[in-house]
Structures are given as C-alpha cells and as structure tokens.
$ cat final_33.txt   # compact mmCIF, C-alpha atoms
# COMPACT_ATOMS: atom_id res chain seq x y z
CA MET A 1 9.56 -5.50 -3.63
CA TRP A 2 10.88 -8.98 -3.10
CA ALA A 3 8.98 -12.19 -3.67
CA ASP A 4 11.62 -14.95 -3.21
CA ASN A 5 12.07 -16.85 0.04
CA GLN A 6 15.51 -15.34 0.54
CA GLN A 7 14.29 -11.78 0.80
CA ARG A 8 16.67 -9.17 -0.67
CA GLU A 9 18.75 -7.93 2.17
CA PRO A 10 21.87 -5.78 2.57
CA LEU A 11 22.74 -3.57 -0.34
CA THR A 12 25.16 -4.83 -3.01
CA ASP A 13 26.27 -3.21 -6.23
CA GLN A 14 24.23 -3.65 -9.37
CA PRO A 15 25.70 -2.59 -12.70
CA ASP A 16 22.67 -0.92 -14.21
CA GLY A 17 20.35 0.31 -11.52
CA PRO A 18 19.82 1.04 -7.83
CA ARG A 19 21.66 -0.96 -5.22
CA ARG A 20 19.91 -4.09 -3.98
CA ARG A 21 20.02 -6.02 -0.72
CA ALA A 22 22.27 -9.07 -0.50
CA THR A 23 20.67 -12.50 -0.65
CA ILE A 24 21.66 -15.89 0.65
CA HIS A 25 22.95 -16.58 -2.87
CA ASP A 26 25.43 -13.68 -2.55
CA VAL A 27 26.77 -15.07 0.72
CA ALA A 28 27.10 -18.56 -0.77
CA ARG A 29 28.97 -17.18 -3.78
CA LEU A 30 31.39 -15.16 -1.65
CA ALA A 31 32.05 -18.03 0.77
CA GLY A 32 32.31 -20.62 -1.99
CA VAL A 33 29.64 -22.89 -0.51
CA SER A 34 26.09 -23.98 -1.27
CA ARG A 35 22.99 -22.07 -0.21
CA GLN A 36 22.10 -24.95 2.13
CA THR A 37 25.48 -24.57 3.87
CA VAL A 38 24.83 -20.84 4.36
CA SER A 39 21.44 -21.65 5.86
CA ARG A 40 22.96 -24.14 8.31
CA ALA A 41 25.69 -21.70 9.32
CA VAL A 42 23.54 -18.62 9.94
CA ASN A 43 20.83 -20.67 11.69
CA ASP A 44 23.46 -22.30 13.94
CA LYS A 45 22.85 -25.88 12.81
CA GLY A 46 25.36 -28.38 14.07
CA GLU A 47 26.00 -30.33 10.86
CA ILE A 48 28.76 -28.07 9.50
CA ASP A 49 32.54 -27.89 9.71
CA PRO A 50 33.58 -25.11 12.14
CA ALA A 51 36.04 -23.59 9.67
CA THR A 52 33.39 -23.55 6.95
CA LYS A 53 30.90 -21.99 9.34
CA GLU A 54 33.38 -19.25 10.23
CA ARG A 55 33.99 -18.52 6.53
CA VAL A 56 30.26 -18.26 5.87
CA LEU A 57 29.67 -15.97 8.85
CA GLU A 58 32.55 -13.73 7.74
CA ALA A 59 31.02 -13.49 4.26
CA ALA A 60 27.66 -12.65 5.82
CA ARG A 61 29.32 -9.95 7.93
CA LEU A 62 31.08 -8.42 4.93
CA LEU A 63 27.81 -8.27 2.99
CA ASP A 64 25.84 -7.10 6.05
CA TYR A 65 23.56 -10.08 5.45
CA ARG A 66 20.86 -10.96 7.98
CA PRO A 67 18.70 -14.04 7.36
CA SER A 68 15.06 -13.16 6.94
CA ARG A 69 12.95 -14.31 9.87
CA PHE A 70 10.12 -14.39 7.34
CA ALA A 71 12.00 -16.89 5.16
CA ARG A 72 12.91 -19.02 8.18
CA GLY A 73 9.25 -19.07 9.16
CA LEU A 74 8.37 -20.58 5.80
CA VAL A 75 10.75 -23.46 6.48
CA ARG A 76 9.75 -23.99 10.09
CA LYS A 77 6.06 -23.36 9.42
CA GLY A 78 5.72 -21.40 12.64
CA ALA A 79 3.13 -18.74 13.34
CA VAL A 80 3.56 -15.65 11.17
CA THR A 81 4.03 -12.34 12.98
CA ALA A 82 3.19 -9.11 11.16
CA GLY A 83 4.60 -5.78 12.29
CA LEU A 84 2.21 -2.84 11.90
CA VAL A 85 3.58 0.73 11.99
CA ILE A 86 0.93 3.40 12.54
CA PRO A 87 1.78 7.13 12.63
CA ASP A 88 -0.82 8.37 15.11
CA LEU A 89 -3.07 6.12 17.18
CA MET A 90 -4.88 9.21 18.53
CA ASN A 91 -6.20 9.96 15.03
CA PRO A 92 -9.41 7.89 14.63
CA PHE A 93 -8.52 7.13 11.00
CA PHE A 94 -5.60 4.86 11.84
CA PRO A 95 -7.28 2.56 14.39
CA GLU A 96 -9.80 1.70 11.68
CA VAL A 97 -6.98 0.79 9.31
CA ALA A 98 -5.36 -1.21 12.11
CA ALA A 99 -8.67 -3.02 12.69
CA GLY A 100 -8.66 -4.14 9.07
CA VAL A 101 -5.10 -5.43 9.44
CA LEU A 102 -5.93 -7.26 12.68
CA GLU A 103 -9.09 -8.83 11.29
CA ALA A 104 -7.39 -10.09 8.13
CA ALA A 105 -4.37 -11.33 10.08
CA GLU A 106 -6.56 -13.16 12.60
CA GLN A 107 -8.38 -14.95 9.77
CA ARG A 108 -5.02 -16.37 8.69
CA GLY A 109 -3.92 -17.24 12.21
CA TRP A 110 -1.24 -14.54 12.20
CA GLN A 111 -0.10 -12.37 15.07
CA VAL A 112 0.33 -8.59 14.84
CA VAL A 113 2.79 -6.33 16.70
CA VAL A 114 1.77 -2.64 16.60
CA TRP A 115 4.23 0.28 16.72
CA ASP A 116 3.16 3.94 16.94
CA SER A 117 5.77 6.00 15.05
CA ARG A 118 4.15 9.33 16.10
CA THR A 119 4.82 10.64 12.56
CA ASP A 120 8.53 10.83 13.43
CA ASP A 121 11.15 9.79 10.86
CA THR A 122 13.55 8.56 13.53
CA ARG A 123 10.91 6.42 15.23
CA GLU A 124 10.06 4.91 11.84
CA ARG A 125 13.64 3.74 11.49
CA GLU A 126 13.66 2.49 15.07
CA ALA A 127 10.48 0.55 14.35
CA LEU A 128 12.11 -1.24 11.45
CA ASP A 129 15.27 -1.95 13.45
CA VAL A 130 13.16 -3.66 16.12
CA LEU A 131 10.53 -5.31 13.94
CA SER A 132 13.11 -6.74 11.54
CA HIS A 133 14.04 -9.07 14.43
CA GLN A 134 10.51 -9.62 15.80
CA ALA A 135 8.26 -9.84 12.74
CA ASP A 136 8.11 -11.91 9.58
CA ALA A 137 6.95 -8.90 7.55
CA VAL A 138 6.08 -5.26 8.17
CA VAL A 139 3.18 -3.16 6.95
CA GLY A 140 2.55 0.49 7.66
CA TYR A 141 2.96 4.20 7.02
CA PHE A 142 6.45 5.57 6.39
CA LYS A 143 7.75 9.01 5.41
CA ASN A 144 11.34 7.81 4.90
CA GLU A 145 12.48 7.15 1.34
CA ASP A 146 12.75 3.61 -0.01
CA GLU A 147 16.54 3.48 0.22
CA VAL A 148 16.43 4.52 3.88
CA LEU A 149 13.78 1.94 4.69
CA ALA A 150 15.75 -0.77 2.91
CA ARG A 151 18.78 -0.14 5.10
CA HIS A 152 16.75 -0.80 8.26
CA LEU A 153 14.61 -3.73 7.07
CA GLY A 154 17.14 -6.52 7.54
CA GLY A 155 15.58 -8.41 4.64
CA VAL A 156 12.06 -8.42 6.06
CA PRO A 157 9.34 -7.86 3.41
CA LEU A 158 7.58 -4.49 3.59
CA VAL A 159 4.11 -3.37 2.50
CA LEU A 160 3.61 0.41 2.40
CA LEU A 161 0.21 1.97 3.06
CA GLU A 162 -1.06 4.95 1.07
CA ARG A 163 1.66 4.77 -1.56
CA GLY A 164 0.72 3.76 -5.08
CA PRO A 165 2.48 0.62 -6.36
CA GLN A 166 4.28 2.75 -8.96
CA GLN A 167 5.58 5.10 -6.24
CA THR A 168 7.77 2.57 -4.42
CA ARG A 169 9.97 -0.47 -4.97
CA PHE A 170 8.10 -2.29 -2.20
CA ALA A 171 4.66 -3.86 -2.22
CA ALA A 172 2.04 -1.20 -1.50
CA VAL A 173 -1.61 -0.28 -1.10
CA GLY A 174 -2.53 3.15 -2.44
CA ILE A 175 -5.43 5.58 -2.17
CA ASP A 176 -6.74 6.90 -5.47
CA ALA A 177 -6.82 10.55 -4.42
CA ALA A 178 -7.28 11.67 -8.04
CA ALA A 179 -10.51 9.69 -8.40
CA GLY A 180 -11.79 11.10 -5.12
CA LEU A 181 -10.96 14.73 -5.89
CA GLU A 182 -12.50 14.39 -9.34
CA GLN A 183 -15.81 13.66 -7.63
CA GLY A 184 -15.33 16.21 -4.86
CA VAL A 185 -14.33 19.23 -6.96
CA ALA A 186 -17.02 18.45 -9.54
CA HIS A 187 -19.59 18.48 -6.74
CA LEU A 188 -18.41 21.88 -5.50
CA VAL A 189 -18.38 23.31 -9.02
CA ARG A 190 -21.91 22.07 -9.67
CA ALA A 191 -22.96 23.91 -6.50
CA GLY A 192 -21.62 27.12 -8.04
CA HIS A 193 -18.27 27.46 -6.28
CA ARG A 194 -15.46 29.12 -8.25
CA ARG A 195 -13.08 30.12 -5.45
CA ILE A 196 -11.99 26.96 -3.65
CA GLY A 197 -9.11 26.74 -1.18
CA MET A 198 -7.37 23.80 0.47
CA LEU A 199 -6.11 23.03 3.97
CA ASP A 200 -3.23 20.63 3.36
CA GLY A 201 -1.64 18.15 5.74
CA ASP A 202 1.53 17.55 3.74
CA ARG A 203 4.63 19.73 3.68
CA LEU A 204 4.19 22.64 1.30
CA GLU A 205 7.57 22.03 -0.33
CA VAL A 206 6.65 18.40 -1.10
CA PRO A 207 3.14 18.26 -2.64
CA GLY A 208 1.36 15.06 -1.68
CA PRO A 209 -1.17 13.13 -3.79
CA ARG A 210 -4.19 14.92 -2.29
CA ARG A 211 -2.86 18.41 -3.00
CA GLU A 212 -1.69 17.41 -6.48
CA ALA A 213 -5.13 15.96 -7.24
CA PHE A 214 -6.88 19.05 -5.83
CA LEU A 215 -4.80 21.49 -7.88
CA SER A 216 -5.19 19.37 -11.01
CA GLU A 217 -8.97 19.28 -10.69
CA VAL A 218 -9.56 22.97 -9.94
CA ARG A 219 -7.32 23.88 -12.87
CA ARG A 220 -9.14 21.42 -15.09
CA HIS A 221 -12.34 23.31 -14.29
CA GLY A 222 -10.63 26.60 -15.19
CA LEU A 223 -10.73 27.99 -11.66
CA PRO A 224 -8.20 30.52 -10.34
CA VAL A 225 -5.68 28.87 -8.03
CA ASP A 226 -2.06 29.21 -6.94
CA GLU A 227 -0.11 28.29 -3.82
CA SER A 228 -1.73 31.13 -1.86
CA TRP A 229 -4.98 29.17 -2.02
CA VAL A 230 -3.35 26.30 -0.09
CA VAL A 231 -2.52 26.56 3.62
CA MET A 232 -0.47 23.98 5.50
CA CYS A 233 -1.82 22.44 8.72
CA PRO A 234 1.14 20.81 10.53
CA GLU A 235 -1.24 19.16 12.99
CA HIS A 236 -3.70 16.70 11.46
CA SER A 237 -6.28 17.66 14.05
CA VAL A 238 -9.34 19.80 14.68
CA MET A 239 -7.12 22.48 16.25
CA GLY A 240 -4.76 22.32 13.29
CA GLY A 241 -7.65 22.72 10.87
CA ALA A 242 -9.07 25.68 12.79
CA ALA A 243 -5.71 27.46 12.79
CA GLY A 244 -5.23 26.76 9.10
CA MET A 245 -8.71 28.00 8.23
CA THR A 246 -8.06 31.27 10.03
CA ARG A 247 -4.88 31.81 8.01
CA LEU A 248 -6.62 30.88 4.75
CA LEU A 249 -9.48 33.31 5.37
CA ASP A 250 -6.94 36.05 6.10
CA ALA A 251 -5.05 35.29 2.88
CA ARG A 252 -8.07 34.59 0.66
CA PRO A 253 -11.24 36.07 2.20
CA GLU A 254 -13.02 35.63 -1.13
CA ILE A 255 -13.09 31.82 -0.98
CA THR A 256 -16.53 30.19 -0.90
CA ALA A 257 -15.41 26.57 -0.40
CA VAL A 258 -12.53 24.70 1.19
CA PHE A 259 -11.23 21.16 0.91
CA GLY A 260 -9.61 19.68 4.02
CA PHE A 261 -6.76 17.17 3.82
CA ASN A 262 -8.69 14.97 6.25
CA ASP A 263 -11.94 15.07 8.19
CA LEU A 264 -10.38 16.34 11.42
CA ILE A 265 -8.87 19.32 9.60
CA ALA A 266 -12.18 19.93 7.81
CA ILE A 267 -14.12 19.92 11.11
CA GLY A 268 -11.62 22.41 12.51
CA ALA A 269 -12.21 24.55 9.42
CA MET A 270 -15.95 24.52 10.14
CA ARG A 271 -15.30 25.73 13.68
CA ALA A 272 -13.02 28.57 12.54
CA ALA A 273 -15.42 29.61 9.78
CA ARG A 274 -18.24 30.01 12.29
CA ARG A 275 -16.00 32.08 14.55
CA ALA A 276 -15.27 34.32 11.55
CA GLY A 277 -19.00 34.83 11.02
CA ARG A 278 -19.31 32.53 7.98
CA ARG A 279 -22.52 30.52 7.65
CA LEU A 280 -22.20 26.87 6.60
CA PRO A 281 -22.76 26.06 3.82
CA ASP A 282 -24.33 29.37 2.62
CA ASP A 283 -21.16 31.47 2.95
CA LEU A 284 -18.60 28.69 2.99
CA ALA A 285 -18.80 25.04 1.95
CA VAL A 286 -16.45 22.56 3.64
CA MET A 287 -15.41 19.12 2.37
CA GLY A 288 -13.23 16.55 4.10
CA PHE A 289 -11.39 13.38 3.16
CA ASP A 290 -11.38 9.99 4.97
CA GLY A 291 -15.02 9.44 5.96
CA LEU A 292 -14.72 9.30 9.75
CA SER A 293 -17.90 8.52 11.68
CA LEU A 294 -17.26 11.80 13.52
CA GLY A 295 -18.35 13.61 10.36
CA GLU A 296 -21.91 12.43 10.94
CA LEU A 297 -22.02 13.89 14.46
CA VAL A 298 -21.08 17.51 13.72
CA GLU A 299 -23.64 20.08 12.62
CA PRO A 300 -24.00 20.45 9.73
CA GLY A 301 -22.86 16.95 8.81
CA LEU A 302 -19.52 16.89 7.01
CA THR A 303 -19.45 16.23 3.27
CA THR A 304 -16.46 13.98 2.71
CA LEU A 305 -14.61 11.66 0.37
CA HIS A 306 -15.17 8.40 2.21
CA LEU A 307 -12.50 5.69 2.35
CA ASP A 308 -13.05 2.06 3.31
CA LYS A 309 -10.30 2.14 5.92
CA ARG A 310 -10.64 -1.50 6.90
CA GLN A 311 -10.24 -2.44 3.25
CA LEU A 312 -6.89 -0.67 3.32
CA GLY A 313 -5.81 -2.95 6.14
CA ARG A 314 -7.23 -6.07 4.52
CA LEU A 315 -5.43 -5.34 1.25
CA ALA A 316 -2.17 -4.84 3.14
CA ILE A 317 -2.44 -8.33 4.63
CA GLU A 318 -3.32 -9.71 1.20
CA GLN A 319 -0.10 -8.18 -0.15
CA MET A 320 1.82 -9.71 2.73
CA ALA A 321 0.25 -13.11 2.11
CA ARG A 322 1.28 -12.97 -1.54
CA LEU A 323 4.88 -12.25 -0.57
CA HIS A 324 4.66 -15.09 1.95
CA ALA A 325 3.59 -17.47 -0.82
CA GLY A 326 6.33 -16.26 -3.18
CA GLU A 327 3.80 -14.60 -5.48
CA GLU A 328 3.83 -11.19 -7.12
CA PRO A 329 1.97 -8.56 -5.05
CA LEU A 330 -1.22 -6.98 -6.29
CA SER A 331 -0.76 -4.07 -8.68
CA GLY A 332 -2.91 -1.73 -10.77
CA ALA A 333 -6.48 -1.08 -9.66
CA ASP A 334 -6.42 -4.11 -7.34
CA ALA A 335 -3.88 -2.36 -5.11
CA TRP A 336 -5.81 0.91 -4.75
CA VAL A 337 -8.71 2.01 -2.56
CA ARG A 338 -11.03 4.51 -4.25
CA PRO A 339 -12.74 7.23 -2.18
CA GLU A 340 -16.47 7.78 -2.65
CA LEU A 341 -18.23 11.13 -2.27
CA VAL A 342 -20.66 11.30 0.67
CA VAL A 343 -22.77 14.48 0.57
CA ARG A 344 -24.02 15.97 3.84
CA GLY A 345 -24.91 19.44 4.97
CA SER A 346 -21.50 21.15 4.97
CA ALA A 347 -21.17 21.27 1.17

$ encode --input "final_33.txt" --output "structure tokens"
Amino acid sequence: MWADNQQREPLTDQPDGPRRRATIHDVARLAGVSRQTVSRAVNDKGEIDPATKERVLEAARLLDYRPSRFARGLVRKGAVTAGLVIPDLMNPFFPEVAAGVLEAAEQRGWQVVVWDSRTDDTREREALDVLSHQADAVVGYFKNEDEVLARHLGGVPLVLLERGPQQTRFAAVGIDAAAGLEQGVAHLVRAGHRRIGMLDGDRLEVPGPRREAFLSEVRRHGLPVDESWVVMCPEHSVMGGAAGMTRLLDARPEITAVFGFNDLIAIGAMRAARRAGRRLPDDLAVMGFDGLSLGELVEPGLTTLHLDKRQLGRLAIEQMARLHAGEEPLSGADAWVRPELVVRGSA
C-alpha cells in the first residue's frame, strides 16, 4: 500500500524483496532531472526544453511509468473520483456495500464510478485498466493476486474489500470471519449439534477465511469433520445453495446442522432440506452469513452472522481518504468488520 503523493507505479527491481512500482523519483533519476521537471514533462506543461521533455518521456516509457491521476488531483484540487468494483450487483449483499461507499463518498464531495466485474478475473483486470485512467483511487473486490493487480493499476491507490490488512500489500478492509464463526459454531454446539456440515462459496482447492474459520471452530469443539463435510456451491445463489445441500445430504445424511457461506446459499439449503423431508430446525438447523434482510422474510427466519455491510463501504472510503491525505491506512481491529450472531427460527 502506498501513501506518498507519487503513488508507486510500474515495477522496478528491489534488492531484498518483491518488485515495486516505479515512482516519479525513479524517472527523475534515470533522466537526470528534478522531480518538478518530470511533472512538467508528463503533464505537458510548456515551460520545459523540448529535448529535456523527450528525455523524460523516454525514461518514463522505459520504466512503464504513468503519472497517478490521484496525485495530480491533489495538486489541482479537483473533485476526487473513486472507482468501485463490485463482483455481482444481482447479489443483494453488494448493493448494500456499494451504498456505504456512495454515502461516505458523497459526504466528502467525491464522485463514484461503479464497475460490475461479474466475478470474472479478466473483467477485474479490465476494470483496473479503465479505472486507472478515470479514477483517483479504486476500491472493491478482487480475486487476482496482488502482483497481478499492481500491473494493471497504473499507480492508482487501491483499497481491497474483504481482505485482512495482513493478507495484502494494499490498503484493505477485512471481515473477521473467525470471530463470527466462533459465535455461530458455539451456538450450534449449545443446541446439541455434533454433526455440522458447510456449504462453501470458495474454491475447494483454495480454502477461504470462512471455511478456515468453520473448520477451526468445529475441530476446537472436538467434532468430527473432514473435507467430505464441506460441499462447494459455485453459484452464490439460492439455486446454488439448494444444489449444494442436496449433494451434502447425499454425502453426509447424518448431519443435523449446516453453515452456509452466505445467506442466499443458506436459504437454498433450507429449500432443499424441506424437499428431502427434513424439518427445520428439528431435523436440520441452518445458519447463514451476511445478514441480508431477506433472511427475515423466509419461514422459519434465517439464523445468520450479520455484517454491517454499509460499514464495510464507509471504512473503504476512510482508507481511501487516508491515502489521499498521505497518511497510513487503518490497520488492526480498526480495519475489520466483526459479524454478530442473529438467532431466528432456522437454528
């Protein structure tokens, strides 16, 4: 994560660590000029010798340097534009996060450009390619690794959503899945459940924070569990949850409770359980994660680990504002949102 006005940009060699993005200082050093001269050259100011300008632009080309629109905005004091990358605007979780971003941005007089990546790695990279020229900073959800993101940022600051600050080199806002699952699994255990499965929304070969927290908690309580107790739901939807629940009941008919990666998957699990003749919650308890208002409308009401989704968005803008001011981003507990258990009829 970069806090200086000349945001780290194209990658240059570092002797003792990962490659970093070139700064205006690197261009000035290579061209043998001052930082101010680089700024005049790349921003097409007239007060510069043409030969010097050409030398600076050649150095910038060699280093793949692009001046940060964010940094230029600080000098020109124009309106700040934030780019927001959301993976699925059809999922009711993400519009609530977006609402938090929009509200916090509006309070600061900032504009927001929204991009729906459709949970596609290629569209994520396309989003950064476009937004690096349109926005002063970007916030959002990304599956691509840090090094890939850095190559497409063009020096624009980035705030990642749902990644812990220790999980990325960029500024971030995380969800404390471990704290949520500690509450959720303890609740199920107190209700007498000893055979608890999970419907996951992450790839099975790459355990995400929610699955890791789930497995850690059930093992901490001494419950039997292995990978056969976890079923992947490629679609984060009611249909995806129903299909996953059917497969889980086939593989582990003895389960008495199930934790869904999100509320939509959990509601789909409730539907499939009924079709299989299971009574809720007598035969099967179901718990979700996210705290969508939809969970109050189903019957029985969905027990869930509720997240303040607008707070996620507000914290993301706070991180962006700190980068804008040249300050260190929030870290530790201040950069996490903690789920809270909401008990309803399903568990």

$ residues_around --input "final_33.txt" --residues "Asp290 in chain A" --least-positions-apart "6" --cutoff "7 Å" --atoms "all atoms listed in the file" --output "list in words"
Asn262, Asp263, Thr304, Leu305, His306 and Leu307 of chain A

$ atom_distance --input "final_33.txt" --atom1 "CA of Gly301 in chain A" --atom2 "CA of Val343 in chain A"
8.6 Å

$ atom_distance --input "final_33.txt" --atom1 "CA of Phe259 in chain A" --atom2 "CA of Pro95 in chain A"
23.3 Å

$ residues_near_point --input "final_33.txt" --point "(1.8, 19.0, 5.1)" --cutoff "12 Å" --atoms "only C-alpha atoms" --output "short mmCIF file (atom, residue, chain, number, x, y, z; two decimals) with C-alpha atoms, keeping the file's coordinate frame"
data_model
loop_
_atom_site.label_atom_id
_atom_site.label_comp_id
_atom_site.auth_asym_id
_atom_site.auth_seq_id
_atom_site.Cartn_x
_atom_site.Cartn_y
_atom_site.Cartn_z
CA THR A 119 4.82 10.64 12.56
CA LYS A 143 7.75 9.01 5.41
CA MET A 198 -7.37 23.80 0.47
CA LEU A 199 -6.11 23.03 3.97
CA ASP A 200 -3.23 20.63 3.36
CA GLY A 201 -1.64 18.15 5.74
CA ASP A 202 1.53 17.55 3.74
CA ARG A 203 4.63 19.73 3.68
CA LEU A 204 4.19 22.64 1.30
CA GLU A 205 7.57 22.03 -0.33
CA VAL A 206 6.65 18.40 -1.10
CA PRO A 207 3.14 18.26 -2.64
CA GLY A 208 1.36 15.06 -1.68
CA PRO A 209 -1.17 13.13 -3.79
CA ARG A 210 -4.19 14.92 -2.29
CA ARG A 211 -2.86 18.41 -3.00
CA VAL A 230 -3.35 26.30 -0.09
CA VAL A 231 -2.52 26.56 3.62
CA MET A 232 -0.47 23.98 5.50
CA CYS A 233 -1.82 22.44 8.72
CA PRO A 234 1.14 20.81 10.53
CA GLU A 235 -1.24 19.16 12.99
CA HIS A 236 -3.70 16.70 11.46
CA GLY A 240 -4.76 22.32 13.29
CA GLY A 241 -7.65 22.72 10.87
CA GLY A 244 -5.23 26.76 9.10
CA GLY A 260 -9.61 19.68 4.02
CA PHE A 261 -6.76 17.17 3.82
CA ASN A 262 -8.69 14.97 6.25
CA ILE A 265 -8.87 19.32 9.60
#

$ atom_distance --input "final_33.txt" --atom1 "CA of Ile24 in chain A" --atom2 "CA of Gln319 in chain A"
23.1 Å

$ residues_near_point --input "final_33.txt" --point "(-6.6, 7.5, -7.3)" --cutoff "10 Å" --atoms "only C-alpha atoms" --output "VMD selection string"
chain A and resid 164 174 to 182 209 to 210 213 333 336 to 339

$ closest_residue --input "final_33.txt" --among "A:Ile48, A:Leu153, A:Ala60, A:Ala316" --to "Asp26 in chain A" --atoms "all atoms listed in the file"
A:Ala60
